[in-house]
>>> print(open('coords_13.cif').read())   # mmCIF, C-alpha atoms (C1' of nucleotides)
data_protein
loop_
_atom_site.group_PDB
_atom_site.id
_atom_site.type_symbol
_atom_site.label_atom_id
_atom_site.label_comp_id
_atom_site.auth_asym_id
_atom_site.auth_seq_id
_atom_site.Cartn_x
_atom_site.Cartn_y
_atom_site.Cartn_z
ATOM 1 C CA MET A 1 10.937 0.259 15.083
ATOM 2 C CA GLU A 2 7.566 1.399 13.957
ATOM 3 C CA LYS A 3 4.669 -0.317 15.588
ATOM 4 C CA ASP A 4 2.799 -2.930 13.657
ATOM 5 C CA THR A 5 -0.157 -1.280 12.014
ATOM 6 C CA GLY A 6 -1.475 -4.786 11.546
ATOM 7 C CA MET A 7 0.014 -8.086 10.541
ATOM 8 C CA PHE A 8 0.336 -6.848 6.989
ATOM 9 C CA GLU A 9 3.040 -4.435 8.004
ATOM 10 C CA ARG A 10 5.017 -7.265 9.572
ATOM 11 C CA ILE A 11 4.470 -9.488 6.583
ATOM 12 C CA TYR A 12 5.609 -6.859 4.131
ATOM 13 C CA ARG A 13 8.683 -6.172 6.174
ATOM 14 C CA LEU A 14 9.495 -9.822 6.516
ATOM 15 C CA VAL A 15 9.000 -10.543 2.843
ATOM 16 C CA SER A 16 11.111 -7.552 1.888
ATOM 17 C CA LYS A 17 14.019 -9.082 3.746
ATOM 18 C CA VAL A 18 13.948 -12.344 1.852
ATOM 19 C CA PRO A 19 17.332 -12.561 0.077
ATOM 20 C CA GLU A 20 17.669 -13.143 -3.647
ATOM 21 C CA GLY A 21 18.035 -16.729 -4.745
ATOM 22 C CA SER A 22 15.832 -17.766 -1.842
ATOM 23 C CA VAL A 23 12.112 -18.254 -1.490
ATOM 24 C CA ALA A 24 9.730 -18.525 1.430
ATOM 25 C CA THR A 25 6.363 -20.181 1.792
ATOM 26 C CA TYR A 26 3.193 -18.459 2.998
ATOM 27 C CA GLY A 27 3.088 -20.745 5.979
ATOM 28 C CA GLN A 28 6.681 -19.998 6.804
ATOM 29 C CA ILE A 29 6.127 -16.254 6.699
ATOM 30 C CA ALA A 30 2.977 -16.664 8.764
ATOM 31 C CA LEU A 31 4.949 -18.613 11.330
ATOM 32 C CA MET A 32 7.611 -15.932 11.482
ATOM 33 C CA VAL A 33 5.103 -13.169 12.115
ATOM 34 C CA GLY A 34 3.731 -15.192 14.988
ATOM 35 C CA HIS A 35 0.689 -16.705 13.255
ATOM 36 C CA PRO A 36 1.481 -20.289 12.240
ATOM 37 C CA ARG A 37 -2.067 -20.788 10.906
ATOM 38 C CA ALA A 38 -2.422 -17.481 9.139
ATOM 39 C CA ALA A 39 -0.822 -18.543 5.887
ATOM 40 C CA ARG A 40 -3.942 -17.275 4.135
ATOM 41 C CA MET A 41 -3.358 -13.830 5.531
ATOM 42 C CA VAL A 42 0.116 -13.809 4.032
ATOM 43 C CA GLY A 43 -1.233 -14.635 0.610
ATOM 44 C CA PHE A 44 -3.976 -12.108 1.084
ATOM 45 C CA ALA A 45 -1.390 -9.513 2.071
ATOM 46 C CA MET A 46 0.651 -10.321 -1.016
ATOM 47 C CA GLY A 47 -2.322 -9.558 -3.190
ATOM 48 C CA ARG A 48 -2.432 -6.089 -1.641
ATOM 49 C CA ALA A 49 1.345 -5.835 -1.420
ATOM 50 C CA PRO A 50 2.848 -2.477 -2.429
ATOM 51 C CA GLU A 51 5.256 -2.170 -5.327
ATOM 52 C CA GLY A 52 8.844 -2.904 -4.457
ATOM 53 C CA LEU A 53 7.905 -5.963 -2.463
ATOM 54 C CA PRO A 54 9.568 -9.147 -3.775
ATOM 55 C CA CYS A 55 6.302 -11.039 -3.585
ATOM 56 C CA HIS A 56 7.595 -13.264 -6.392
ATOM 57 C CA ARG A 57 9.816 -14.896 -3.776
ATOM 58 C CA ILE A 58 6.772 -15.993 -1.855
ATOM 59 C CA VAL A 59 5.283 -19.253 -2.982
ATOM 60 C CA ASN A 60 3.056 -21.928 -1.515
ATOM 61 C CA ARG A 61 4.472 -25.026 0.122
ATOM 62 C CA LEU A 62 4.586 -26.794 -3.219
ATOM 63 C CA GLY A 63 7.031 -24.260 -4.553
ATOM 64 C CA ALA A 64 4.384 -23.023 -6.928
ATOM 65 C CA MET A 65 1.775 -20.302 -6.841
ATOM 66 C CA ALA A 66 -1.661 -19.385 -8.035
ATOM 67 C CA PRO A 67 -2.446 -21.132 -11.349
ATOM 68 C CA GLY A 68 -4.266 -18.073 -12.573
ATOM 69 C CA ASP A 69 -3.173 -14.652 -13.722
ATOM 70 C CA VAL A 70 -2.105 -13.588 -10.271
ATOM 71 C CA PHE A 71 0.998 -11.457 -10.187
ATOM 72 C CA GLY A 72 0.983 -11.109 -13.952
ATOM 73 C CA GLY A 73 1.063 -14.854 -14.476
ATOM 74 C CA SER A 74 3.000 -17.677 -12.864
ATOM 75 C CA GLY A 75 5.415 -17.782 -15.800
ATOM 76 C CA PHE A 76 6.384 -14.212 -15.051
ATOM 77 C CA GLN A 77 7.247 -15.068 -11.489
ATOM 78 C CA ARG A 78 9.259 -18.087 -12.502
ATOM 79 C CA ARG A 79 11.379 -16.016 -14.838
ATOM 80 C CA LEU A 80 12.124 -13.527 -12.070
ATOM 81 C CA LEU A 81 13.198 -16.273 -9.706
ATOM 82 C CA GLU A 82 15.366 -17.969 -12.305
ATOM 83 C CA ASP A 83 16.989 -14.619 -12.936
ATOM 84 C CA GLU A 84 17.847 -14.482 -9.232
ATOM 85 C CA GLY A 85 19.434 -17.901 -9.369
ATOM 86 C CA VAL A 86 16.496 -20.001 -8.228
ATOM 87 C CA THR A 87 16.295 -23.396 -9.865
ATOM 88 C CA PHE A 88 13.152 -25.331 -10.741
ATOM 89 C CA ARG A 89 12.425 -29.050 -10.803
ATOM 90 C CA GLU A 90 11.029 -30.967 -13.716
ATOM 91 C CA ASP A 91 7.666 -30.653 -11.985
ATOM 92 C CA GLY A 92 7.822 -26.945 -12.637
ATOM 93 C CA ARG A 93 8.071 -26.359 -8.905
ATOM 94 C CA ILE A 94 10.867 -24.557 -7.128
ATOM 95 C CA ASP A 95 13.489 -26.722 -5.491
ATOM 96 C CA MET A 96 12.299 -25.754 -2.009
ATOM 97 C CA GLU A 97 14.858 -27.822 -0.136
ATOM 98 C CA ARG A 98 17.517 -25.882 -1.949
ATOM 99 C CA HIS A 99 16.075 -22.381 -1.983
ATOM 100 C CA ARG A 100 13.827 -22.331 1.057
ATOM 101 C CA TRP A 101 14.659 -19.235 3.069
ATOM 102 C CA ASP A 102 16.260 -20.020 6.363
ATOM 103 C CA GLY A 103 14.721 -16.997 8.012
ATOM 104 C CA THR A 104 18.102 -15.456 8.458
ATOM 105 C CA ASP A 105 18.385 -12.194 6.592
ATOM 106 C CA GLY A 106 22.139 -12.327 6.746
ATOM 107 C CA ASP A 107 22.539 -11.251 10.300
ATOM 108 C "C1'" DC B 1 -21.171 -7.599 16.248
ATOM 109 C "C1'" DG B 2 -22.343 -11.398 12.572
ATOM 110 C "C1'" DT B 3 -20.934 -13.034 8.060
ATOM 111 C "C1'" DC B 4 -17.946 -13.633 4.034
ATOM 112 C "C1'" DT B 5 -13.754 -14.112 2.123
ATOM 113 C "C1'" DG B 6 -9.035 -14.903 0.635
ATOM 114 C "C1'" DA B 7 -1.893 -15.719 -3.893
ATOM 115 C "C1'" DC B 8 -2.946 -21.396 2.293
ATOM 116 C "C1'" DG B 9 -2.135 -25.860 4.995
ATOM 117 C "C1'" DA B 10 -3.169 -30.267 6.606
ATOM 118 C "C1'" DT B 11 -5.906 -34.285 6.289
ATOM 119 C "C1'" DG B 12 -9.027 -37.617 4.108
ATOM 120 C "C1'" DC B 13 -10.274 -40.422 0.249
ATOM 121 C "C1'" DG C 1 -0.581 -38.709 -6.148
ATOM 122 C "C1'" DG C 2 -4.505 -35.474 -7.325
ATOM 123 C "C1'" DC C 3 -9.001 -33.550 -5.716
ATOM 124 C "C1'" DA C 4 -12.391 -32.296 -1.897
ATOM 125 C "C1'" DT C 5 -13.281 -30.490 2.664
ATOM 126 C "C1'" DC C 6 -12.326 -28.323 7.036
ATOM 127 C "C1'" DG C 7 -9.754 -25.257 9.717
ATOM 128 C "C1'" DC C 8 -7.334 -20.751 10.517
ATOM 129 C "C1'" DC C 9 -6.952 -15.533 11.253
ATOM 130 C "C1'" DA C 10 -7.803 -10.999 10.377
ATOM 131 C "C1'" DG C 11 -9.887 -7.440 7.527
ATOM 132 C "C1'" DA C 12 -14.054 -5.590 4.896
ATOM 133 C "C1'" DC C 13 -19.127 -4.821 4.892
#
>>> encode(input="coords_13.cif", output="structure tokens")
Amino acid sequence: MEKDTGMFERIYRLVSKVPEGSVATYGQIALMVGHPRAARMVGFAMGRAPEGLPCHRIVNRLGAMAPGDVFGGSGFQRRLLEDEGVTFREDGRIDMERHRWDGTDGD
DNA sequence: CGTCTGACGATGC
DNA sequence: GGCATCGCCAGAC
């Protein structure tokens, strides 16, 4: 495997292995890369994430995301997730307990 | 090397 | 249960 050019590389790789119909939280990703308190870095990395990265599957612990125009708008992200089979609650948040990524990429 | 910051998280009120 | 503050870590200046 290529060496980690920084945590970003790990984050991107980890996020890219999140299966469809599942979502992961920033904190969860941070924990997986070995930095349980670096949730901010994950979000920061997402903002600089390259195209092709399913960053729409990465949400905060509330199952929501930035209220602003990040990632083309939260509504855009929601539509993508719904298209993958992700369901939302009446709150407008993702049903985390149901779609939270287990960390297992199918192996 | 000091300071700021950023798609967060937990805690306090 | 929503808003404010502190804490975290690593990159940019």
>>> interface_residues(input="coords_13.cif", of="chain A", to="chain C", cutoff="7 Å", atoms="only C-alpha atoms (C1' of nucleotides)", output="PyMOL selection string")
chain A and resi 37-38+41
>>> write_last_selection(input="coords_13.cif", atoms="C-alpha atoms", output="PDB file, in the frame of the given file")
ATOM      1  CA  ARG A  37      -2.067 -20.788  10.906  1.00  0.00           C
ATOM      2  CA  ALA A  38      -2.422 -17.481   9.139  1.00  0.00           C
ATOM      3  CA  MET A  41      -3.358 -13.830   5.531  1.00  0.00           C
TER       4      MET A  41
END
>>> interface_residues(input="coords_13.cif", of="chain B", to="chain A", cutoff="9 Å", atoms="all atoms listed in the file", output="list in words")
DG6, DA7, DC8 and DG9 of chain B
>>> residues_around(input="coords_13.cif", residues="Leu14 (chain A)", least_positions_apart="3", cutoff="10 Å", atoms="only C-alpha atoms (C1' of nucleotides)", output="ChimeraX atom specification")
/A:8-11,17-18,29-30,32-33,53,103,105
>>> atom_distance(input="coords_13.cif", atom1="CA of Ala64 (chain A)", atom2="CA of Ile94 (chain A)")
6.7 Å
